[in-house]
file my_file-v3.cif (mmCIF, C-alpha atoms)
data_work
#
loop_
_atom_site.label_atom_id
_atom_site.label_comp_id
_atom_site.auth_asym_id
_atom_site.auth_seq_id
_atom_site.Cartn_x
_atom_site.Cartn_y
_atom_site.Cartn_z
CA MET A 1 0.00 0.00 0.00
CA ARG A 2 1.18 3.52 -0.86
CA VAL A 3 0.12 6.51 1.20
CA LEU A 4 0.71 10.18 0.39
CA PHE A 5 0.98 12.66 3.25
CA VAL A 6 0.81 16.30 2.14
CA GLY A 7 2.49 18.91 4.33
CA ASP A 8 0.65 21.85 5.89
CA VAL A 9 -1.58 23.41 3.22
CA VAL A 10 -1.44 27.20 3.45
CA GLY A 11 -4.55 29.03 2.27
CA LYS A 12 -6.04 29.07 -1.21
CA PRO A 13 -2.68 28.87 -3.04
CA GLY A 14 -1.95 25.58 -1.30
CA ARG A 15 -5.41 24.19 -2.02
CA VAL A 16 -5.20 25.13 -5.70
CA ALA A 17 -1.80 23.49 -6.07
CA MET A 18 -2.98 20.35 -4.32
CA LYS A 19 -6.01 20.07 -6.60
CA ALA A 20 -3.84 20.49 -9.69
CA LEU A 21 -1.04 18.11 -8.73
CA LEU A 22 -2.85 15.26 -6.99
CA PRO A 23 -4.29 13.52 -10.08
CA ARG A 24 -0.89 12.87 -11.63
CA LEU A 25 0.60 11.89 -8.28
CA ARG A 26 -2.17 9.37 -7.75
CA GLU A 27 -1.40 7.86 -11.14
CA ARG A 28 2.38 7.96 -10.85
CA TYR A 29 2.61 6.43 -7.38
CA LYS A 30 -0.53 4.26 -7.53
CA LEU A 31 -1.71 5.81 -4.30
CA ASP A 32 -4.14 3.97 -2.05
CA MET A 33 -4.70 6.82 0.38
CA VAL A 34 -4.06 10.57 0.72
CA MET A 35 -3.69 12.52 3.98
CA VAL A 36 -3.09 16.22 4.44
CA ASN A 37 -2.45 18.58 7.32
CA GLY A 38 -5.10 21.28 6.95
CA GLU A 39 -4.73 23.46 10.03
CA ASN A 40 -3.73 26.50 7.92
CA ALA A 41 -5.92 25.81 4.90
CA ALA A 42 -8.49 28.60 5.48
CA GLY A 43 -6.83 31.95 4.84
CA GLY A 44 -3.56 30.71 6.28
CA PHE A 45 -4.92 30.20 9.80
CA GLY A 46 -7.45 27.58 10.86
CA LEU A 47 -10.06 25.53 9.06
CA THR A 48 -13.64 26.25 8.02
CA ALA A 49 -16.37 23.80 7.05
CA SER A 50 -16.30 24.88 3.39
CA VAL A 51 -12.51 24.57 3.17
CA GLY A 52 -12.56 21.26 5.01
CA ASP A 53 -15.17 19.90 2.62
CA GLU A 54 -13.05 21.09 -0.30
CA LEU A 55 -10.00 19.25 1.01
CA LEU A 56 -12.00 16.09 1.68
CA LYS A 57 -12.81 15.89 -2.03
CA MET A 58 -9.07 15.45 -2.56
CA ALA A 59 -7.88 13.69 0.60
CA ASP A 60 -9.19 10.84 2.73
CA VAL A 61 -8.14 12.21 6.13
CA ILE A 62 -7.20 15.69 7.37
CA THR A 63 -4.90 16.15 10.34
CA THR A 64 -4.43 19.47 12.13
CA GLY A 65 -2.59 21.11 15.01
CA ASN A 66 -2.62 24.12 17.30
CA HIS A 67 -4.13 26.45 14.66
CA VAL A 68 -7.21 24.30 14.10
CA TRP A 69 -9.20 26.47 16.53
CA ASP A 70 -8.39 29.77 14.79
CA LYS A 71 -11.73 29.68 12.96
CA LYS A 72 -14.44 29.25 15.58
CA GLU A 73 -16.77 27.24 13.35
CA ALA A 74 -14.22 24.43 13.60
CA LEU A 75 -15.52 23.74 17.11
CA GLN A 76 -18.75 22.31 15.71
CA TYR A 77 -17.29 21.08 12.41
CA LEU A 78 -14.81 18.69 14.02
CA ASP A 79 -17.57 17.11 16.09
CA ARG A 80 -19.56 16.17 12.99
CA GLU A 81 -16.73 15.30 10.57
CA PRO A 82 -14.77 12.23 11.75
CA ARG A 83 -12.33 12.39 8.82
CA ILE A 84 -10.83 15.57 10.31
CA ILE A 85 -8.85 15.01 13.49
CA ARG A 86 -7.12 17.26 16.01
CA PRO A 87 -4.24 16.46 18.38
CA LEU A 88 -5.38 13.73 20.76
CA ASN A 89 -3.56 15.22 23.75
CA TYR A 90 -5.97 18.14 24.07
CA PRO A 91 -8.14 17.82 27.19
CA PRO A 92 -11.01 15.29 26.87
CA ARG A 93 -13.70 17.97 26.48
CA ALA A 94 -12.11 19.41 23.32
CA PRO A 95 -14.25 18.99 20.18
CA GLY A 96 -13.47 16.24 17.73
CA SER A 97 -11.19 13.25 17.98
CA GLY A 98 -7.49 12.57 17.65
CA VAL A 99 -7.93 9.26 15.82
CA CYS A 100 -9.48 8.34 12.47
CA LEU A 101 -10.01 4.81 11.17
CA HIS A 102 -10.11 4.68 7.37
CA ALA A 103 -10.79 1.85 4.92
CA ALA A 104 -8.54 2.13 1.86
CA GLY A 105 -10.13 -0.61 -0.19
CA SER A 106 -9.45 -3.80 1.73
CA GLU A 107 -6.79 -2.11 3.86
CA LYS A 108 -7.67 -0.65 7.27
CA VAL A 109 -5.62 2.36 8.31
CA ALA A 110 -5.50 4.28 11.58
CA VAL A 111 -4.42 7.92 11.50
CA LEU A 112 -3.39 9.54 14.80
CA ASN A 113 -2.64 13.20 15.51
CA ALA A 114 -0.67 14.51 18.50
CA GLU A 115 0.89 17.86 19.41
CA GLY A 116 4.27 18.52 20.99
CA ARG A 117 4.83 20.57 24.15
CA VAL A 118 8.29 22.10 23.63
CA PHE A 119 7.78 25.76 22.62
CA MET A 120 4.08 24.94 22.24
CA PRO A 121 0.96 25.22 24.45
CA ASN A 122 1.15 23.09 27.58
CA LEU A 123 -1.09 20.16 26.69
CA ASP A 124 -1.30 16.65 28.08
CA CYS A 125 1.72 14.42 27.46
CA PRO A 126 1.76 13.35 23.77
CA PHE A 127 3.87 10.28 24.52
CA ARG A 128 1.42 8.87 27.06
CA GLY A 129 -1.52 10.04 24.96
CA LEU A 130 -0.30 8.07 21.98
CA ASP A 131 0.35 5.04 24.20
CA ALA A 132 -3.30 5.05 25.27
CA ALA A 133 -4.58 5.63 21.74
CA LEU A 134 -2.51 2.77 20.33
CA GLU A 135 -3.75 0.40 23.01
CA ALA A 136 -7.36 1.24 22.08
CA LEU A 137 -6.96 0.57 18.35
CA PRO A 138 -8.66 -2.49 16.84
CA GLU A 139 -6.69 -5.43 15.56
CA GLY A 140 -6.21 -6.20 11.89
CA LEU A 141 -4.88 -2.81 10.82
CA SER A 142 -2.68 -2.56 7.74
CA ALA A 143 -1.03 0.70 8.75
CA ILE A 144 -0.86 3.26 11.56
CA ILE A 145 0.19 6.78 10.55
CA VAL A 146 1.02 9.42 13.19
CA ASP A 147 1.13 13.16 12.48
CA PHE A 148 3.24 14.65 15.27
CA HIS A 149 2.62 18.39 15.14
CA ALA A 150 5.54 19.92 17.02
CA GLU A 151 8.06 22.75 17.02
CA ALA A 152 11.22 21.18 18.42
CA THR A 153 13.25 18.86 16.24
CA SER A 154 14.47 16.99 19.31
CA GLU A 155 10.92 16.23 20.48
CA LYS A 156 9.96 14.94 17.05
CA ILE A 157 13.00 12.68 16.79
CA ALA A 158 12.34 11.38 20.30
CA MET A 159 8.77 10.55 19.32
CA GLY A 160 9.96 8.70 16.23
CA TYR A 161 12.16 6.41 18.32
CA TYR A 162 9.52 6.09 21.03
CA LEU A 163 6.97 4.75 18.51
CA ASP A 164 9.45 2.81 16.37
CA GLY A 165 8.16 -0.69 15.71
CA ARG A 166 4.65 0.15 16.93
CA VAL A 167 3.44 2.32 14.06
CA THR A 168 4.00 2.44 10.32
CA ALA A 169 5.07 6.08 10.11
CA VAL A 170 5.73 9.17 12.23
CA VAL A 171 5.59 12.32 10.13
CA GLY A 172 6.32 15.73 11.61
CA THR A 173 4.36 18.87 10.78
CA HIS A 174 4.11 22.50 12.00
CA THR A 175 7.40 24.19 11.00
CA HIS A 176 6.51 24.38 7.27
CA VAL A 177 10.12 23.62 6.31
CA GLN A 178 10.78 20.17 4.87
CA THR A 179 13.67 18.28 6.48
CA ALA A 180 16.01 15.97 4.58
CA ASP A 181 16.13 13.21 7.20
CA GLU A 182 13.57 10.72 5.95
CA LYS A 183 14.47 7.19 7.00
CA ILE A 184 13.22 3.80 8.10
CA LEU A 185 14.00 3.48 11.80
CA PRO A 186 15.48 0.22 13.19
CA GLY A 187 12.07 -1.15 14.19
CA GLY A 188 10.55 -0.58 10.74
CA THR A 189 8.82 2.79 11.25
CA ALA A 190 9.10 5.42 8.49
CA TYR A 191 10.13 8.81 9.85
CA VAL A 192 10.63 12.42 8.75
CA THR A 193 11.05 15.38 11.11
CA ASP A 194 8.90 17.71 9.00
CA VAL A 195 6.99 17.12 5.79
CA GLY A 196 7.11 20.83 4.94
CA MET A 197 4.34 23.05 3.62
CA THR A 198 2.22 23.30 0.52
CA GLY A 199 2.18 27.05 0.15
CA PRO A 200 3.74 30.09 -1.56
CA ILE A 201 7.47 29.83 -2.26
CA GLU A 202 8.30 33.53 -1.97
CA SER A 203 7.14 33.84 1.62
CA VAL A 204 8.10 33.22 5.20
CA ILE A 205 6.43 29.88 5.92
CA GLY A 206 3.49 30.92 3.74
CA VAL A 207 3.03 34.51 4.90
CA GLU A 208 3.90 37.68 2.97
CA LYS A 209 7.59 38.20 3.71
CA GLU A 210 7.28 41.98 4.12
CA GLN A 211 4.77 41.52 6.93
CA ILE A 212 7.02 39.06 8.74
CA LEU A 213 10.02 41.36 8.34
CA GLU A 214 8.05 44.29 9.77
CA ARG A 215 7.12 42.18 12.78
CA PHE A 216 10.74 41.23 13.40
CA LEU A 217 12.05 44.76 12.88
CA THR A 218 9.46 46.63 14.93
CA GLY A 219 8.13 44.10 17.42
CA MET A 220 4.65 45.50 16.71
CA PRO A 221 1.51 43.45 15.93
CA VAL A 222 1.14 42.97 12.17
CA ARG A 223 -1.71 41.47 10.20
CA PHE A 224 -0.43 38.34 8.45
CA GLU A 225 -1.72 37.44 4.99
CA VAL A 226 -1.03 34.45 2.77
CA ALA A 227 1.59 35.27 0.15
CA ARG A 228 0.97 35.03 -3.58
CA GLY A 229 2.82 33.47 -6.48
CA ALA A 230 4.15 30.01 -7.26
CA VAL A 231 3.56 27.28 -4.71
CA LEU A 232 5.88 24.65 -3.25
CA PHE A 233 4.06 21.33 -2.84
CA SER A 234 5.70 19.27 -0.09
CA ALA A 235 4.78 15.69 0.77
CA VAL A 236 6.06 12.21 1.51
CA VAL A 237 5.07 8.89 -0.05
CA ILE A 238 5.08 5.99 2.39
CA GLU A 239 5.09 2.41 1.14
CA THR A 240 3.99 -0.20 3.65
CA GLU A 241 5.31 -3.71 4.11
CA PRO A 242 2.52 -6.20 3.35
CA GLY A 243 1.50 -8.35 6.29
CA SER A 244 2.95 -6.09 8.95
CA LEU A 245 2.75 -2.57 10.35
CA SER A 246 6.25 -1.81 9.08
CA ALA A 247 7.15 0.57 6.28
CA ARG A 248 9.14 -0.52 3.25
CA ALA A 249 10.09 2.96 2.05
CA ILE A 250 9.57 6.70 2.52
CA GLN A 251 10.20 9.25 -0.22
CA ARG A 252 10.19 13.05 0.04
CA LEU A 253 8.48 15.07 -2.67
CA GLN A 254 8.83 18.76 -3.51
CA LEU A 255 7.06 20.08 -6.59
CA THR A 256 6.38 23.62 -7.79
CA TYR A 257 3.08 24.89 -9.17
CA PRO A 258 2.45 26.29 -11.65
#
call {"tool": "encode", "arguments": {"input": "my_file-v3.cif", "output": "structure tokens"}}
result
Amino acid sequence: MRVLFVGDVVGKPGRVAMKALLPRLRERYKLDMVMVNGENAAGGFGLTASVGDELLKMADVITTGNHVWDKKEALQYLDREPRIIRPLNYPPRAPGSGVCLHAAGSEKVAVLNAEGRVFMPNLDCPFRGLDAALEALPEGLSAIIVDFHAEATSEKIAMGYYLDGRVTAVVGTHTHVQTADEKILPGGTAYVTDVGMTGPIESVIGVEKEQILERFLTGMPVRFEVARGAVLFSAVVIETEPGSLSARAIQRLQLTYP
């Protein structure tokens, strides 16, 4: 089975690029499933019902992160749309779920989402949260994919080794910068520290660079807007090992559009 995980989609430019590029990627890699991090898909911050529905026409499961709450309608949307998940280590009363079970043909896949705590909001422990979530999963799964949405490289690497041999893949999101450290860990788990973003190239992690520079130079609040122009599409393709939860291969992708 081949799974595509698309890095953080930033606003309309990212959505347009994804729509344009996915058909040929599906054909080229014979994809069985597509996942995408959509926490910045609506105007660069958050997720709305209309944008979520748009992404679900292209992807099977949407993961998120700390920005998922930036659009308040997400509070109700996540409760009614099980294919969109939020980090599972938010307190129990948070809307939505941190786990999605998906049938990719005859293959059963679990997608889990967790958020780091280093340089991030102080949530419940993601390590123990993922332990509990894994114990609750049904048997007979073909793959378990974890989106670890975190800032610190060290925390992401630690999570990769912590879950090695228990899940098919640990893919990092949040920093919007793709890392060149994709590998199969000793226990058979595919790993990459950050998938990167699907958003404007001439930007600072998707935002108009002039606005970011003004913020750094003045220290004053600045309204951030999604940049324009050509888009960098960042993703990884994960190939699973039949008959086990291990991964056979992980490949980084970076494409430009148009």
call {"tool": "resolve_selection", "arguments": {"input": "my_file-v3.cif", "expression": "the PyMOL selection byres ((chain A and resi 61) around 8)", "output": "list of chain:residue names"}}
result
A:Val34, A:Met35, A:Val36, A:Leu56, A:Ala59, A:Asp60, A:Ile62, A:Thr63, A:Arg83, A:Ile84, A:Ile85, A:Cys100, A:His102, A:Val111
call {"tool": "write_last_selection", "arguments": {"input": "my_file-v3.cif", "atoms": "C-alpha atoms", "output": "mmCIF file, in the frame of the given file"}}
result
data_model
loop_
_atom_site.group_PDB
_atom_site.id
_atom_site.type_symbol
_atom_site.label_atom_id
_atom_site.label_comp_id
_atom_site.auth_asym_id
_atom_site.auth_seq_id
_atom_site.Cartn_x
_atom_site.Cartn_y
_atom_site.Cartn_z
ATOM 1 C CA VAL A 34 -4.060 10.570 0.720
ATOM 2 C CA MET A 35 -3.690 12.520 3.980
ATOM 3 C CA VAL A 36 -3.090 16.220 4.440
ATOM 4 C CA LEU A 56 -12.000 16.090 1.680
ATOM 5 C CA ALA A 59 -7.880 13.690 0.600
ATOM 6 C CA ASP A 60 -9.190 10.840 2.730
ATOM 7 C CA ILE A 62 -7.200 15.690 7.370
ATOM 8 C CA THR A 63 -4.900 16.150 10.340
ATOM 9 C CA ARG A 83 -12.330 12.390 8.820
ATOM 10 C CA ILE A 84 -10.830 15.570 10.310
ATOM 11 C CA ILE A 85 -8.850 15.010 13.490
ATOM 12 C CA CYS A 100 -9.480 8.340 12.470
ATOM 13 C CA HIS A 102 -10.110 4.680 7.370
ATOM 14 C CA VAL A 111 -4.420 7.920 11.500
#
call {"tool": "closest_atom_pairs", "arguments": {"input": "my_file-v3.cif", "of": "range 6-104 of chain A", "to": "range 143-147 of chain A", "cutoff": "9 Å", "atoms": "only C-alpha atoms", "output": "tab-separated table"}}
result
residue	atom	partner	partner_atom	distance
A:Asn37	CA	A:Asp147	CA	8.3
A:Thr63	CA	A:Asp147	CA	7.1
A:Thr64	CA	A:Asp147	CA	8.4
A:Pro87	CA	A:Asp147	CA	8.6
call {"tool": "resolve_selection", "arguments": {"input": "my_file-v3.cif", "expression": "the PyMOL selection byres ((chain A and resi 131) around 12)", "output": "ChimeraX atom specification"}}
result
/A:88-89,112,114,125-130,132-137,146,159,162-163,166-167
call {"tool": "atom_distance", "arguments": {"input": "my_file-v3.cif", "atom1": "CA of Gln254 in chain A", "atom2": "CA of Val204 in chain A"}}
result
16.9 Å
call {"tool": "atom_distance", "arguments": {"input": "my_file-v3.cif", "atom1": "CA of Asp70 in chain A", "atom2": "CA of Glu208 in chain A"}}
result
18.8 Å
call {"tool": "residues_around", "arguments": {"input": "my_file-v3.cif", "residues": "range 251-253 of chain A", "least_positions_apart": "2", "cutoff": "12 Å", "atoms": "all atoms listed in the file", "output": "PyMOL selection string"}}
result
chain A and resi 2-7+21+25+29+169+171+178-184+190-198+232-240+247-249+255-256
call {"tool": "resolve_selection", "arguments": {"input": "my_file-v3.cif", "expression": "the PyMOL selection byres ((chain A and resi 15) around 9)", "output": "list in words"}}
result
Val9, Val10, Gly11, Lys12, Pro13, Gly14, Val16, Ala17, Met18, Lys19, Ala20, Ala41, Val51, Glu54, Leu55, Thr198 and Gly199 of chain A
call {"tool": "write_last_selection", "arguments": {"input": "my_file-v3.cif", "atoms": "C-alpha atoms", "output": "mmCIF file, in the coordinates of the input"}}
result
data_model
loop_
_atom_site.group_PDB
_atom_site.id
_atom_site.type_symbol
_atom_site.label_atom_id
_atom_site.label_comp_id
_atom_site.auth_asym_id
_atom_site.auth_seq_id
_atom_site.Cartn_x
_atom_site.Cartn_y
_atom_site.Cartn_z
ATOM 1 C CA VAL A 9 -1.580 23.410 3.220
ATOM 2 C CA VAL A 10 -1.440 27.200 3.450
ATOM 3 C CA GLY A 11 -4.550 29.030 2.270
ATOM 4 C CA LYS A 12 -6.040 29.070 -1.210
ATOM 5 C CA PRO A 13 -2.680 28.870 -3.040
ATOM 6 C CA GLY A 14 -1.950 25.580 -1.300
ATOM 7 C CA VAL A 16 -5.200 25.130 -5.700
ATOM 8 C CA ALA A 17 -1.800 23.490 -6.070
ATOM 9 C CA MET A 18 -2.980 20.350 -4.320
ATOM 10 C CA LYS A 19 -6.010 20.070 -6.600
ATOM 11 C CA ALA A 20 -3.840 20.490 -9.690
ATOM 12 C CA ALA A 41 -5.920 25.810 4.900
ATOM 13 C CA VAL A 51 -12.510 24.570 3.170
ATOM 14 C CA GLU A 54 -13.050 21.090 -0.300
ATOM 15 C CA LEU A 55 -10.000 19.250 1.010
ATOM 16 C CA THR A 198 2.220 23.300 0.520
ATOM 17 C CA GLY A 199 2.180 27.050 0.150
#
call {"tool": "atom_distance", "arguments": {"input": "my_file-v3.cif", "atom1": "CA of Gln76 in chain A", "atom2": "CA of Ala49 in chain A"}}
result
9.1 Å
call {"tool": "residues_near_point", "arguments": {"input": "my_file-v3.cif", "point": "(-13.6, 23.9, 11.9)", "cutoff": "6 Å", "atoms": "only C-alpha atoms", "output": "PyMOL selection string"}}
result
chain A and resi 47-49+73-75+77-78
call {"tool": "closest_residue", "arguments": {"input": "my_file-v3.cif", "among": "A:Gly219, A:Ile250, A:Glu214, A:Leu141", "to": "Leu185 in chain A", "atoms": "only C-alpha atoms"}}
result
A:Ile250
call {"tool": "closest_residue", "arguments": {"input": "my_file-v3.cif", "among": "A:Lys72, A:His67, A:Pro91, A:Lys57", "to": "Pro23 in chain A", "atoms": "only C-alpha atoms"}}
result
A:Lys57
call {"tool": "residues_around", "arguments": {"input": "my_file-v3.cif", "residues": "Pro138 in chain A", "least_positions_apart": "4", "cutoff": "10 Å", "atoms": "only C-alpha atoms", "output": "list in words"}}
result
Leu101, Lys108, Ala110 and Leu134 of chain A
call {"tool": "closest_residue", "arguments": {"input": "my_file-v3.cif", "among": "A:Ala103, A:Leu31, A:Ala94, A:Ile157", "to": "Gly116 in chain A", "atoms": "only C-alpha atoms"}}
result
A:Ile157
call {"tool": "decode", "arguments": {"input": "my_file-v3.cif", "residues": "range 84-95 of chain A", "atoms": "all heavy atoms", "output": "compact mmCIF listing (two decimals), in the first residue's frame"}}
result
# COMPACT_ATOMS: atom_id res chain seq x y z
N ILE A 84 -11.74 14.50 9.91
CA ILE A 84 -10.83 15.57 10.31
C ILE A 84 -10.51 15.38 11.78
O ILE A 84 -11.41 15.33 12.62
CB ILE A 84 -11.46 16.95 10.07
CG1 ILE A 84 -11.81 17.13 8.59
CG2 ILE A 84 -10.51 18.05 10.52
CD1 ILE A 84 -12.48 18.44 8.28
N ILE A 85 -9.23 15.27 12.11
CA ILE A 85 -8.85 15.01 13.49
C ILE A 85 -7.97 16.14 14.02
O ILE A 85 -7.34 16.88 13.26
CB ILE A 85 -8.14 13.64 13.64
CG1 ILE A 85 -6.89 13.55 12.75
CG2 ILE A 85 -9.12 12.52 13.31
CD1 ILE A 85 -6.10 12.25 12.94
N ARG A 86 -7.96 16.27 15.33
CA ARG A 86 -7.12 17.26 16.01
C ARG A 86 -6.20 16.50 16.96
O ARG A 86 -6.38 15.31 17.22
CB ARG A 86 -7.99 18.29 16.75
CG ARG A 86 -9.13 17.72 17.58
CD ARG A 86 -8.69 17.24 18.91
NE ARG A 86 -9.81 16.78 19.73
CZ ARG A 86 -9.66 16.02 20.80
NH1 ARG A 86 -8.48 15.60 21.18
NH2 ARG A 86 -10.73 15.65 21.51
N PRO A 87 -5.16 17.16 17.47
CA PRO A 87 -4.24 16.46 18.38
C PRO A 87 -4.98 15.79 19.54
O PRO A 87 -5.81 16.40 20.20
CB PRO A 87 -3.31 17.58 18.86
CG PRO A 87 -3.27 18.53 17.71
CD PRO A 87 -4.68 18.53 17.17
N LEU A 88 -4.66 14.53 19.76
CA LEU A 88 -5.38 13.73 20.76
C LEU A 88 -5.02 14.09 22.18
O LEU A 88 -5.73 13.68 23.12
CB LEU A 88 -5.13 12.23 20.50
CG LEU A 88 -3.68 11.73 20.44
CD1 LEU A 88 -3.07 11.54 21.80
CD2 LEU A 88 -3.61 10.44 19.64
N ASN A 89 -3.95 14.87 22.38
CA ASN A 89 -3.56 15.22 23.75
C ASN A 89 -4.15 16.54 24.22
O ASN A 89 -3.70 17.09 25.23
CB ASN A 89 -2.04 15.20 23.93
CG ASN A 89 -1.27 16.01 22.92
OD1 ASN A 89 -1.59 16.02 21.73
ND2 ASN A 89 -0.24 16.69 23.37
N TYR A 90 -5.16 17.07 23.50
CA TYR A 90 -5.97 18.14 24.07
C TYR A 90 -6.83 17.53 25.18
O TYR A 90 -7.10 16.33 25.17
CB TYR A 90 -6.84 18.80 23.01
CG TYR A 90 -6.14 19.92 22.26
CD1 TYR A 90 -5.41 19.65 21.11
CD2 TYR A 90 -6.16 21.23 22.73
CE1 TYR A 90 -4.74 20.66 20.44
CE2 TYR A 90 -5.49 22.24 22.08
CZ TYR A 90 -4.78 21.96 20.93
OH TYR A 90 -4.11 22.96 20.28
N PRO A 91 -7.30 18.35 26.12
CA PRO A 91 -8.14 17.82 27.19
C PRO A 91 -9.37 17.10 26.63
O PRO A 91 -9.83 17.41 25.52
CB PRO A 91 -8.53 19.07 27.98
CG PRO A 91 -7.40 20.01 27.76
CD PRO A 91 -6.97 19.78 26.34
N PRO A 92 -9.91 16.14 27.37
CA PRO A 92 -11.01 15.29 26.87
C PRO A 92 -12.24 16.05 26.37
O PRO A 92 -12.96 15.55 25.51
CB PRO A 92 -11.35 14.42 28.08
CG PRO A 92 -10.10 14.37 28.88
CD PRO A 92 -9.45 15.71 28.70
N ARG A 93 -12.51 17.24 26.89
CA ARG A 93 -13.70 17.97 26.48
C ARG A 93 -13.52 18.74 25.17
O ARG A 93 -14.46 19.35 24.68
CB ARG A 93 -14.13 18.93 27.59
CG ARG A 93 -14.64 18.23 28.85
CD ARG A 93 -15.06 19.23 29.91
NE ARG A 93 -16.15 20.10 29.48
CZ ARG A 93 -16.65 21.09 30.20
NH1 ARG A 93 -16.15 21.34 31.40
NH2 ARG A 93 -17.63 21.83 29.74
N ALA A 94 -12.34 18.71 24.60
CA ALA A 94 -12.11 19.41 23.32
C ALA A 94 -12.94 18.76 22.22
O ALA A 94 -13.13 17.53 22.21
CB ALA A 94 -10.63 19.36 22.97
N PRO A 95 -13.46 19.56 21.28
CA PRO A 95 -14.25 18.99 20.18
C PRO A 95 -13.42 18.03 19.33
O PRO A 95 -12.20 18.10 19.29
CB PRO A 95 -14.64 20.23 19.35
CG PRO A 95 -14.51 21.38 20.29
CD PRO A 95 -13.38 21.01 21.22
